[in-house]
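The file model_28.txt contains compact mmCIF, C-alpha atoms:
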# COMPACT_ATOMS: atom_id res chain seq x y z
CA MET A 1 0.00 0.00 0.00
CA ASP A 2 1.49 3.34 -0.93
CA SER A 3 1.69 6.21 1.48
CA ARG A 4 -1.24 8.08 -0.07
CA ARG A 5 -3.55 5.18 0.37
CA LYS A 6 -2.28 4.65 3.88
CA ALA A 7 -2.99 8.28 4.69
CA SER A 8 -6.44 8.01 3.15
CA LEU A 9 -7.24 4.94 5.19
CA LEU A 10 -6.00 6.55 8.39
CA LEU A 11 -7.90 9.77 7.81
CA GLY A 12 -11.05 7.92 6.87
CA SER A 13 -10.89 5.75 9.94
CA LEU A 14 -10.16 8.73 12.19
CA PHE A 15 -13.20 10.57 10.88
CA GLY A 16 -15.21 7.40 11.34
CA VAL A 17 -14.10 7.06 14.93
CA LEU A 18 -14.85 10.73 15.53
CA LEU A 19 -18.34 10.19 14.19
CA ILE A 20 -18.79 7.18 16.51
CA CYS A 21 -17.77 9.33 19.46
CA VAL A 22 -20.12 12.15 18.55
CA ILE A 23 -23.08 9.81 18.07
CA ALA A 24 -22.30 7.87 21.23
CA LEU A 25 -22.06 11.09 23.21
CA ALA A 26 -25.36 12.27 21.77
CA ALA A 27 -27.02 8.96 22.60
CA LEU A 28 -25.62 8.92 26.13
CA THR A 29 -26.74 12.46 26.83
CA GLY A 30 -30.23 11.68 25.52
CA LEU A 31 -30.11 13.90 22.45
CA LEU A 32 -31.21 11.02 20.24
CA ARG A 33 -34.04 10.06 22.57
CA PRO A 34 -36.85 11.50 20.41
CA LEU A 35 -35.88 9.06 17.68
CA TYR A 36 -36.71 5.93 19.60
CA ASP A 37 -38.72 7.15 22.58
CA PRO A 38 -41.09 9.87 21.47
CA GLN A 39 -42.79 9.82 24.87
CA GLY A 40 -39.66 10.55 26.86
CA GLY A 41 -39.38 13.81 28.70
CA PHE A 42 -42.06 16.19 29.85
CA ASP A 43 -41.96 18.89 27.20
CA GLN A 44 -45.29 20.40 26.29
CA ILE A 45 -46.97 18.54 23.46
CA GLY A 46 -48.27 21.14 21.08
CA SER A 47 -51.88 22.07 21.07
CA ILE A 48 -53.39 18.73 21.98
CA GLY A 49 -55.70 18.76 25.00
CA GLY A 50 -57.23 21.72 26.71
CA PRO A 51 -59.89 22.25 29.38
CA VAL A 52 -62.52 19.54 29.61
CA ARG A 53 -66.04 20.72 30.43
CA LEU A 54 -68.32 17.79 31.12
CA THR A 55 -70.64 16.35 33.77
CA ALA A 56 -69.10 14.11 36.43
CA HIS A 57 -70.74 10.86 37.45
CA THR A 58 -71.64 12.60 40.72
CA GLY A 59 -73.76 15.05 38.75
CA GLU A 60 -71.54 18.06 39.28
CA ARG A 61 -70.21 20.07 36.38
CA ILE A 62 -66.43 19.76 35.90
CA ASP A 63 -64.06 22.18 34.19
CA THR A 64 -60.55 20.77 34.25
CA GLY A 65 -59.24 24.19 33.20
CA ALA A 66 -60.13 25.49 36.66
CA ILE A 67 -58.43 22.70 38.65
CA GLY A 68 -54.84 23.94 38.76
CA LYS A 69 -53.47 20.49 39.61
CA PRO A 70 -52.10 17.70 37.42
CA PHE A 71 -54.44 14.89 36.41
CA ALA A 72 -54.74 11.90 34.11
CA ILE A 73 -57.51 11.46 31.56
CA PHE A 74 -58.49 8.55 29.36
CA PHE A 75 -61.35 7.60 27.09
CA GLY A 76 -63.58 4.53 26.97
CA PHE A 77 -67.10 3.29 27.54
CA THR A 78 -68.90 1.04 30.00
CA HIS A 79 -69.74 -1.65 27.42
CA CYS A 80 -66.03 -2.42 27.35
CA PRO A 81 -65.11 -5.56 29.29
CA ASP A 82 -61.35 -5.36 29.09
CA VAL A 83 -59.43 -2.13 28.50
CA CYS A 84 -61.61 0.28 30.48
CA PRO A 85 -62.08 -1.52 33.80
CA THR A 86 -58.45 -2.66 33.60
CA THR A 87 -57.18 0.88 33.12
CA LEU A 88 -59.28 2.10 36.04
CA ALA A 89 -58.06 -0.74 38.25
CA GLU A 90 -54.42 -0.24 37.28
CA LEU A 91 -54.51 3.50 37.86
CA THR A 92 -56.17 2.93 41.22
CA GLN A 93 -53.36 0.58 42.13
CA THR A 94 -50.73 3.13 41.08
CA LEU A 95 -52.37 5.86 43.15
CA THR A 96 -52.51 3.52 46.14
CA GLU A 97 -48.80 2.76 45.74
CA LEU A 98 -48.00 6.48 45.63
CA GLY A 99 -49.69 7.05 48.98
CA PRO A 100 -50.32 10.55 50.40
CA GLN A 101 -48.67 12.46 47.54
CA ALA A 102 -51.46 11.21 45.25
CA LYS A 103 -54.35 12.01 47.54
CA ASP A 104 -55.54 14.95 45.43
CA PHE A 105 -54.74 13.39 42.08
CA HIS A 106 -57.73 12.67 39.89
CA VAL A 107 -58.21 10.35 36.97
CA TYR A 108 -60.93 11.33 34.53
CA PHE A 109 -62.63 8.59 32.55
CA VAL A 110 -64.43 10.21 29.62
CA THR A 111 -67.04 8.13 27.88
CA VAL A 112 -66.95 8.09 24.10
CA ASP A 113 -70.44 6.57 24.20
CA PRO A 114 -72.59 9.27 25.86
CA GLU A 115 -75.77 7.80 24.36
CA ARG A 116 -75.58 4.71 26.53
CA ASP A 117 -73.28 6.04 29.27
CA THR A 118 -75.54 8.61 30.87
CA GLN A 119 -74.69 10.26 34.17
CA ALA A 120 -76.79 7.66 36.01
CA VAL A 121 -74.97 4.78 34.32
CA MET A 122 -71.61 6.40 35.05
CA ALA A 123 -72.63 6.96 38.68
CA SER A 124 -73.26 3.21 39.17
CA TYR A 125 -70.16 2.21 37.25
CA MET A 126 -67.71 4.53 38.98
CA GLY A 127 -69.03 3.50 42.38
CA SER A 128 -66.95 0.35 41.95
CA PHE A 129 -63.72 2.34 41.85
CA ASP A 130 -61.59 4.65 44.01
CA LYS A 131 -63.13 8.06 44.72
CA ARG A 132 -60.33 9.77 42.78
CA MET A 133 -61.60 8.19 39.55
CA ILE A 134 -64.15 10.55 38.03
CA GLY A 135 -66.42 9.46 35.22
CA LEU A 136 -67.27 12.19 32.72
CA THR A 137 -70.15 12.36 30.28
CA GLY A 138 -72.31 14.97 28.60
CA THR A 139 -74.24 15.65 25.44
CA PRO A 140 -72.81 14.06 22.29
CA ALA A 141 -71.64 17.52 21.19
CA GLU A 142 -69.85 18.20 24.48
CA VAL A 143 -68.12 14.81 24.43
CA ASP A 144 -67.23 15.22 20.80
CA ALA A 145 -65.50 18.53 21.55
CA VAL A 146 -63.26 16.85 24.12
CA VAL A 147 -62.58 13.85 21.88
CA ARG A 148 -61.45 16.20 19.14
CA ALA A 149 -59.37 18.39 21.47
CA TYR A 150 -57.42 15.34 22.64
CA ARG A 151 -57.17 13.96 19.09
CA VAL A 152 -58.76 10.76 20.38
CA PHE A 153 -59.97 8.18 17.90
CA ALA A 154 -63.52 7.11 18.70
CA ARG A 155 -65.84 5.34 16.31
CA LYS A 156 -69.02 3.27 16.54
CA ALA A 157 -68.60 -0.25 15.19
CA PRO A 158 -71.94 -2.03 14.70
CA THR A 159 -72.26 -5.57 16.03
CA LYS A 160 -74.34 -8.33 14.49
CA ASP A 161 -77.38 -8.04 16.71
CA GLY A 162 -78.00 -4.39 15.87
CA ASP A 163 -76.00 -3.15 18.84
CA TYR A 164 -72.61 -1.48 18.67
CA THR A 165 -69.19 -1.34 20.25
CA MET A 166 -66.76 1.57 20.25
CA ASP A 167 -63.31 1.54 18.73
CA HIS A 168 -61.32 4.03 20.76
CA THR A 169 -57.88 5.26 21.69
CA ALA A 170 -56.66 3.28 24.67
CA THR A 171 -53.98 5.73 25.79
CA THR A 172 -54.07 7.65 29.07
CA TYR A 173 -53.12 11.33 28.85
CA LEU A 174 -51.12 13.10 31.54
CA VAL A 175 -51.91 16.79 32.07
CA ASP A 176 -49.89 19.16 34.26
CA GLY A 177 -51.11 21.77 36.76
CA LYS A 178 -51.31 24.37 34.00
CA GLY A 179 -53.62 22.20 31.93
CA ARG A 180 -50.96 21.27 29.37
CA LEU A 181 -50.63 17.76 27.97
CA VAL A 182 -47.18 16.62 29.02
CA GLY A 183 -47.15 12.85 28.60
CA THR A 184 -49.01 9.62 27.97
CA LEU A 185 -49.39 6.12 29.36
CA ALA A 186 -49.67 3.46 26.71
CA TYR A 187 -52.20 0.69 27.28
CA GLU A 188 -50.34 -2.13 29.07
CA GLU A 189 -47.44 0.13 30.01
CA SER A 190 -45.69 -1.59 32.90
CA GLY A 191 -46.77 -0.79 36.44
CA LYS A 192 -43.29 0.45 37.19
CA VAL A 193 -43.25 2.98 34.33
CA ARG A 194 -46.80 4.08 35.16
CA LEU A 195 -45.78 4.74 38.74
CA GLU A 196 -42.74 6.74 37.72
CA LYS A 197 -44.61 8.85 35.19
CA ILE A 198 -47.43 9.75 37.56
CA LYS A 199 -44.98 10.40 40.38
CA ARG A 200 -43.07 12.83 38.18
CA LEU A 201 -46.29 14.45 37.02
CA ILE A 202 -47.46 15.10 40.57
CA ALA A 203 -44.02 16.31 41.67
CA ALA A 204 -43.76 18.73 38.74
CA GLY A 205 -47.13 20.23 39.73
CA MET B 1 -9.49 1.15 0.83
CA SER B 2 -10.18 4.78 0.11
CA PHE B 3 -10.89 7.55 2.57
CA LYS B 4 -14.57 7.57 1.69
CA SER B 5 -15.20 3.89 2.12
CA SER B 6 -13.38 3.47 5.40
CA PHE B 7 -15.17 6.51 6.79
CA ALA B 8 -18.48 5.18 5.59
CA ALA B 9 -17.79 1.77 7.07
CA SER B 10 -16.90 3.16 10.51
CA ALA B 11 -19.87 5.49 10.48
CA ALA B 12 -22.27 2.72 9.53
CA LEU B 13 -20.89 0.53 12.28
CA ALA B 14 -21.24 3.35 14.80
CA LEU B 15 -24.84 4.06 13.87
CA ALA B 16 -25.75 0.40 13.94
CA GLY B 17 -24.19 -0.02 17.37
CA VAL B 18 -25.93 3.00 18.88
CA MET B 19 -29.34 2.11 17.40
CA ALA B 20 -29.05 -1.43 18.70
CA ALA B 21 -28.18 -0.17 22.17
CA ALA B 22 -31.05 2.30 22.10
CA ALA B 23 -33.53 -0.30 20.93
CA ALA B 24 -32.38 -2.71 23.60
CA SER B 25 -32.79 -0.18 26.38
CA ASN B 26 -36.21 0.84 25.09
CA ALA B 27 -37.37 -2.74 24.73
CA ALA B 28 -36.29 -3.51 28.27
CA GLU B 29 -38.80 -0.92 29.51
CA GLN B 30 -41.78 -2.25 27.62
CA GLN B 31 -43.92 -5.31 28.11
CA SER B 32 -45.27 -7.34 25.23
CA PRO B 33 -49.06 -7.11 25.01
CA ALA B 34 -51.11 -9.95 26.47
CA ALA B 35 -48.01 -11.63 27.89
CA ILE B 36 -49.77 -12.89 30.97
CA VAL B 37 -48.01 -15.73 32.74
CA SER B 38 -50.15 -18.03 34.82
CA HIS B 39 -48.54 -20.89 36.62
CA GLY B 40 -49.73 -24.41 35.94
CA SER B 41 -53.08 -23.58 34.40
CA SER B 42 -54.76 -26.92 34.84
CA HIS B 43 -52.96 -27.74 38.06
CA ALA B 44 -53.64 -24.57 40.01
CA ALA B 45 -55.53 -24.93 43.25
CA GLY B 46 -59.25 -24.61 42.73
CA ALA B 47 -59.07 -24.76 38.93
CA ALA B 48 -61.82 -26.99 37.61
CA SER B 49 -61.89 -28.58 34.19
CA PHE B 50 -64.81 -29.52 32.00
CA ARG B 51 -64.77 -32.05 29.21
CA ALA B 52 -66.84 -32.97 26.20
CA GLY B 53 -65.31 -35.68 24.02
CA THR B 54 -61.79 -34.63 23.14
CA VAL B 55 -62.31 -31.01 24.19
CA LEU B 56 -61.12 -29.93 27.62
CA ILE B 57 -61.95 -26.53 29.14
CA THR B 58 -59.78 -25.22 31.95
CA ASN B 59 -59.16 -21.96 33.73
CA ALA B 60 -62.63 -20.53 33.08
CA TRP B 61 -62.90 -17.16 34.77
CA ALA B 62 -64.56 -13.78 34.39
CA ARG B 63 -64.00 -10.31 35.76
CA ALA B 64 -66.34 -8.82 38.33
CA THR B 65 -68.44 -6.15 36.67
CA PRO B 66 -68.62 -2.56 37.92
CA ALA B 67 -72.12 -1.74 39.14
CA GLY B 68 -74.49 -0.93 36.32
CA ALA B 69 -72.27 -2.49 33.63
CA ARG B 70 -74.37 -4.29 31.03
CA ILE B 71 -71.63 -6.59 29.81
CA GLY B 72 -69.10 -8.95 31.33
CA GLY B 73 -65.93 -10.50 29.96
CA GLY B 74 -65.04 -14.19 30.32
CA TYR B 75 -61.86 -16.11 29.57
CA LEU B 76 -60.81 -19.75 29.40
CA THR B 77 -58.43 -22.25 27.83
CA ILE B 78 -59.59 -24.90 25.35
CA GLU B 79 -57.48 -28.00 24.68
CA ASN B 80 -58.30 -30.34 21.83
CA SER B 81 -56.74 -33.75 22.35
CA GLY B 82 -58.56 -35.22 19.36
CA THR B 83 -57.27 -35.99 15.88
CA SER B 84 -59.54 -33.56 14.09
CA ALA B 85 -60.12 -29.85 14.52
CA ASP B 86 -63.07 -28.49 16.47
CA ARG B 87 -64.63 -25.05 16.76
CA LEU B 88 -66.29 -23.14 19.56
CA ILE B 89 -69.36 -21.76 17.84
CA GLY B 90 -71.26 -20.16 20.68
CA PHE B 91 -72.23 -20.07 24.32
CA SER B 92 -75.06 -19.04 26.55
CA SER B 93 -75.63 -18.39 30.21
CA PRO B 94 -78.68 -17.87 32.40
CA LEU B 95 -76.81 -14.80 33.59
CA ALA B 96 -76.92 -12.96 30.27
CA ALA B 97 -79.38 -12.31 27.46
CA ARG B 98 -76.86 -13.56 24.93
CA GLY B 99 -73.27 -14.61 24.48
CA GLU B 100 -70.90 -13.28 21.85
CA ILE B 101 -67.30 -14.23 21.14
CA HIS B 102 -65.09 -11.21 20.52
CA GLU B 103 -61.54 -10.58 19.62
CA MET B 104 -59.85 -7.45 20.88
CA ALA B 105 -56.68 -5.79 19.73
CA VAL B 106 -54.92 -2.55 20.59
CA THR B 107 -53.02 -1.40 17.52
CA GLY B 108 -51.35 1.97 17.33
CA GLY B 109 -52.95 2.85 20.66
CA VAL B 110 -56.48 2.22 19.41
CA MET B 111 -58.64 -0.53 20.89
CA LYS B 112 -60.91 -2.42 18.52
CA MET B 113 -63.29 -5.23 19.37
CA ARG B 114 -64.90 -7.41 16.75
CA GLU B 115 -67.34 -10.27 17.10
CA VAL B 116 -66.08 -13.53 15.64
CA ASP B 117 -68.16 -16.48 14.43
CA GLY B 118 -66.16 -19.03 16.30
CA VAL B 119 -62.79 -20.11 17.57
CA ASP B 120 -60.97 -22.95 15.81
CA ILE B 121 -58.93 -25.38 17.84
CA ALA B 122 -56.59 -27.54 15.77
CA PRO B 123 -56.07 -31.20 16.76
CA GLY B 124 -53.59 -31.43 19.60
CA ALA B 125 -53.64 -27.66 20.10
CA SER B 126 -54.67 -25.41 22.94
CA VAL B 127 -56.29 -21.98 22.54
CA ALA B 128 -56.40 -19.46 25.37
CA LEU B 129 -59.00 -16.72 25.58
CA ARG B 130 -57.36 -14.11 27.78
CA PRO B 131 -57.25 -10.38 28.52
CA GLY B 132 -55.94 -8.44 25.57
CA GLY B 133 -57.25 -10.95 23.03
CA LEU B 134 -60.19 -13.25 22.41
CA HIS B 135 -62.87 -13.21 25.06
CA LEU B 136 -66.43 -14.28 25.74
CA MET B 137 -68.81 -11.32 26.05
CA PHE B 138 -71.77 -11.90 28.31
CA VAL B 139 -74.19 -9.34 26.87
CA ASP B 140 -77.02 -7.71 28.82
CA ILE B 141 -76.23 -9.35 32.13
CA LYS B 142 -79.15 -9.76 34.46
CA GLN B 143 -77.09 -9.23 37.58
CA PRO B 144 -73.56 -8.08 38.32
CA LEU B 145 -70.71 -10.59 38.29
CA VAL B 146 -69.40 -10.54 41.85
CA SER B 147 -65.80 -11.32 42.78
CA GLY B 148 -65.48 -14.63 44.63
CA GLN B 149 -68.64 -16.12 43.15
CA THR B 150 -69.08 -18.68 40.38
CA PHE B 151 -71.65 -18.93 37.62
CA LYS B 152 -72.53 -21.40 34.89
CA ALA B 153 -72.47 -21.14 31.13
CA ARG B 154 -72.92 -23.64 28.32
CA LEU B 155 -70.36 -23.64 25.51
CA THR B 156 -71.24 -25.21 22.17
CA PHE B 157 -68.64 -26.88 19.98
CA GLU B 158 -69.18 -27.86 16.38
CA LYS B 159 -68.08 -31.47 16.92
CA ALA B 160 -67.93 -31.99 20.67
CA GLY B 161 -71.34 -30.45 21.21
CA PRO B 162 -72.40 -28.66 24.41
CA VAL B 163 -70.19 -28.40 27.52
CA ASP B 164 -71.40 -26.95 30.81
CA VAL B 165 -68.69 -24.82 32.37
CA GLU B 166 -68.43 -23.10 35.73
CA PHE B 167 -66.72 -19.69 35.70
CA ALA B 168 -64.91 -18.26 38.73
CA VAL B 169 -65.23 -14.48 39.14
CA ALA B 170 -62.06 -12.47 39.80
CA PRO B 171 -61.94 -8.81 40.93
CA VAL B 172 -62.63 -5.95 38.51
CA GLY B 173 -59.54 -5.29 36.39
CA ALA B 174 -57.94 -8.64 37.29
CA ASN B 175 -55.56 -10.11 34.76
CA ALA B 176 -55.78 -13.74 35.74
CA ALA B 177 -58.21 -16.19 37.24
CA PRO B 178 -58.71 -15.95 40.99
CA GLY B 179 -56.01 -17.83 42.86
CA GLN B 180 -53.40 -17.44 40.15
CA HIS B 181 -50.44 -15.12 39.84
CA SER B 182 -50.10 -12.78 36.92
CA HIS B 183 -47.04 -10.82 35.90
CA HIS B 184 -47.67 -7.36 34.63
Using structure tokens, write down the structure from this file.
Amino acid sequence: MDSRRKASLLLGSLFGVLLICVIALAALTGLLRPLYDPQGGFDQIGSIGGPVRLTAHTGERIDTGAIGKPFAIFFGFTHCPDVCPTTLAELTQTLTELGPQAKDFHVYFVTVDPERDTQAVMASYMGSFDKRMIGLTGTPAEVDAVVRAYRVFARKAPTKDGDYTMDHTATTYLVDGKGRLVGTLAYEESGKVRLEKIKRLIAAG
Amino acid sequence: MSFKSSFAASAALALAGVMAAAAASNAAEQQSPAAIVSHGSSHAAGAASFRAGTVLITNAWARATPAGARIGGGYLTIENSGTSADRLIGFSSPLAARGEIHEMAVTGGVMKMREVDGVDIAPGASVALRPGGLHLMFVDIKQPLVSGQTFKARLTFEKAGPVDVEFAVAPVGANAAPGQHSHH
């Protein structure tokens, strides 16, 4: 190999190694995080979310814009045997594990099926869960406004016997004390990650 | 080798290494959906089994329903020790107006449930209906499903015919039959 080729090889390899170092440093310091973990970090997520104005299962009118504390919110319906009761049970468990710091933390369960899930139905349903779980319903227009604000997918899917089920987003949204969407909990996120995310949310205020 | 190719080779190697490391650390944080581990399904204490011909039903359980809920979800495992396939084509219970078999999937964060006509069980195979997947929907229940209680239902198989099964009710939001451990 002549000296020019040797120099080329050396220079090329040096640049390559430099690139490795830069990328490794970026990865280690979390700069590349958005590429593989879009949910990492608590930066504000654009314009998704906003104040929710609906009727609680207790009958009182709720405006999450006036709360001033962080909360979690997810969407479902009572004719859902799996995802919805599971999410409520899991979140209850997380709040129990967090103890006193979570005593004022609320979880809002918004029905995407206000036709069947009236306030009376929600009142019965939510009675089976922790008092911090609040069921929310309203007129179809009111619910639709919230569904759109949170960019939630919700669609009626007819079943054979003339009835229907709802296809819906199964994610839980985490909102900070200023009413801004700052994170999410994926359906079947591990209990450990759920605990950490809600702990951070409450601590950040 | 030229400058360009050795640079490109090192860079490609670097990127591959970092992406693999990132993917590994991300994967370690996540759980695979419906990966519920239950120990010794047909040998667990209190687990009953029900047979019709070559079809064996074990681990039949349902979740307690929140007050006022009109539907309940049931799960079970079907083993076919026969030499030909069979198919669960329906079920009924005195507890509900009708029974429907549904599959459920969460894809891209969206939950979708669809009724299915039946569940095929190949010869020698075992099919599990469990949270996050196929389930029995007890529609228009006449009374709530209460944790700790049991109730009866009749499953109908294409070949094996009807099987009467007793379901054990676990707490609301449970991920496994009562008396079993589940990893989450």
Check your understanding: Quick one: of B:Arg51, B:Arg130, B:Lys142, B:Lys112, who's nearest to chain A, counting all atoms listed in the file?
Key -> B:Lys112
Exercise for review: Identify, on the basis of all atoms listed in the file, every residue whose closest approach to region 166-178 of chain A does not exceed 7 Å; exclude the query and any residue fewer than 2 positions from it along the same chain; express the result as a VMD selection string.
Suggested key: (chain A and resid 68 to 76 152 to 157 164 180 to 187 201 205) or (chain B and resid 109 to 113)
Residues of chain A within 6 Å of chain B, counting all atoms listed in the file - could you list those as a short mmCIF file (atom, residue, chain, number, x, y, z; two decimals) with C-alpha atoms, in the coordinates of the input?
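Contents of part.cif, freshly written:
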data_model
loop_
_atom_site.label_atom_id
_atom_site.label_comp_id
_atom_site.auth_asym_id
_atom_site.auth_seq_id
_atom_site.Cartn_x
_atom_site.Cartn_y
_atom_site.Cartn_z
CA SER A 8 -6.44 8.01 3.15
CA LEU A 9 -7.24 4.94 5.19
CA GLY A 12 -11.05 7.92 6.87
CA SER A 13 -10.89 5.75 9.94
CA GLY A 16 -15.21 7.40 11.34
CA ILE A 20 -18.79 7.18 16.51
CA HIS A 79 -69.74 -1.65 27.42
CA PRO A 81 -65.11 -5.56 29.29
CA PRO A 85 -62.08 -1.52 33.80
CA THR A 86 -58.45 -2.66 33.60
CA ALA A 89 -58.06 -0.74 38.25
CA SER A 124 -73.26 3.21 39.17
CA TYR A 125 -70.16 2.21 37.25
CA SER A 128 -66.95 0.35 41.95
CA ASP A 167 -63.31 1.54 18.73
CA HIS A 168 -61.32 4.03 20.76
CA THR A 169 -57.88 5.26 21.69
CA ALA A 170 -56.66 3.28 24.67
CA THR A 171 -53.98 5.73 25.79
#
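Between CA of Ala168 (chain B) and CA of Gly82 (chain B) there is a distance of 26.5 Å.
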Exercise for review: Quote the spacing between CA of Glu97 (chain A) and CA of Lys197 (chain A) in Å to one decimal place.
Suggested key: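 Answer for the CA of Glu97 (chain A) to CA of Lys197 (chain A) separation: 12.9 Å.
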**Study point:** Atom pair CA of Glu60 (chain A) / CA of Lys103 (chain A): separation (Å)
**Key:**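 We find that CA of Glu60 (chain A) and CA of Lys103 (chain A) lie 20.0 Å from each other.
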Review point. Hey, which of A:Arg194, A:Arg200, A:His106, A:Arg151 ends up closest to Ala56 (chain A)? Count only C-alpha atoms.
Key: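 Checking each of A:Arg194, A:Arg200, A:His106, A:Arg151 against Ala56 (chain A), counting only C-alpha atoms, the winner is A:His106.
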Can you tell me which residues surround Gly50 (chain A) at a distance of at most 8 Å, considering all atoms listed in the file, apart from same-chain residues fewer than 3 positions away, and format the answer as a CSV table (one decimal) with C-alpha atoms, in the coordinates of the input?
chain,number,residue,atom,x,y,z
A,47,SER,CA,-51.9,22.1,21.1
A,65,GLY,CA,-59.2,24.2,33.2
A,149,ALA,CA,-59.4,18.4,21.5
A,150,TYR,CA,-57.4,15.3,22.6
A,179,GLY,CA,-53.6,22.2,31.9
A,180,ARG,CA,-51.0,21.3,29.4
A,181,LEU,CA,-50.6,17.8,28.0
Check your understanding: What lies within 8 Å of Leu98 (chain A) using all atoms listed in the file, ignoring chain neighbours under 3 positions off, as a PyMOL selection string?
Key -> chain A and resi 94-95+101-102+195+199
Find the residues near Pro162 (chain B): any atom within 9 Å, counting all atoms listed in the file, skip ones fewer than 6 places away on the same chain, and give them as an mmCIF file with C-alpha atoms, in the frame of the given file.
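Listed below is the output, selection.cif:
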data_model
loop_
_atom_site.group_PDB
_atom_site.id
_atom_site.type_symbol
_atom_site.label_atom_id
_atom_site.label_comp_id
_atom_site.auth_asym_id
_atom_site.auth_seq_id
_atom_site.Cartn_x
_atom_site.Cartn_y
_atom_site.Cartn_z
ATOM 1 C CA ALA B 52 -66.840 -32.970 26.200
ATOM 2 C CA PHE B 91 -72.230 -20.070 24.320
ATOM 3 C CA ARG B 154 -72.920 -23.640 28.320
ATOM 4 C CA LEU B 155 -70.360 -23.640 25.510
ATOM 5 C CA THR B 156 -71.240 -25.210 22.170
#
Study note, to complete from the structure: Using all atoms listed in the file, the residue out of A:Asp117, A:Tyr108, A:Pro140, A:Met133 with shortest distance to Asp63 (chain A) is A:Tyr108
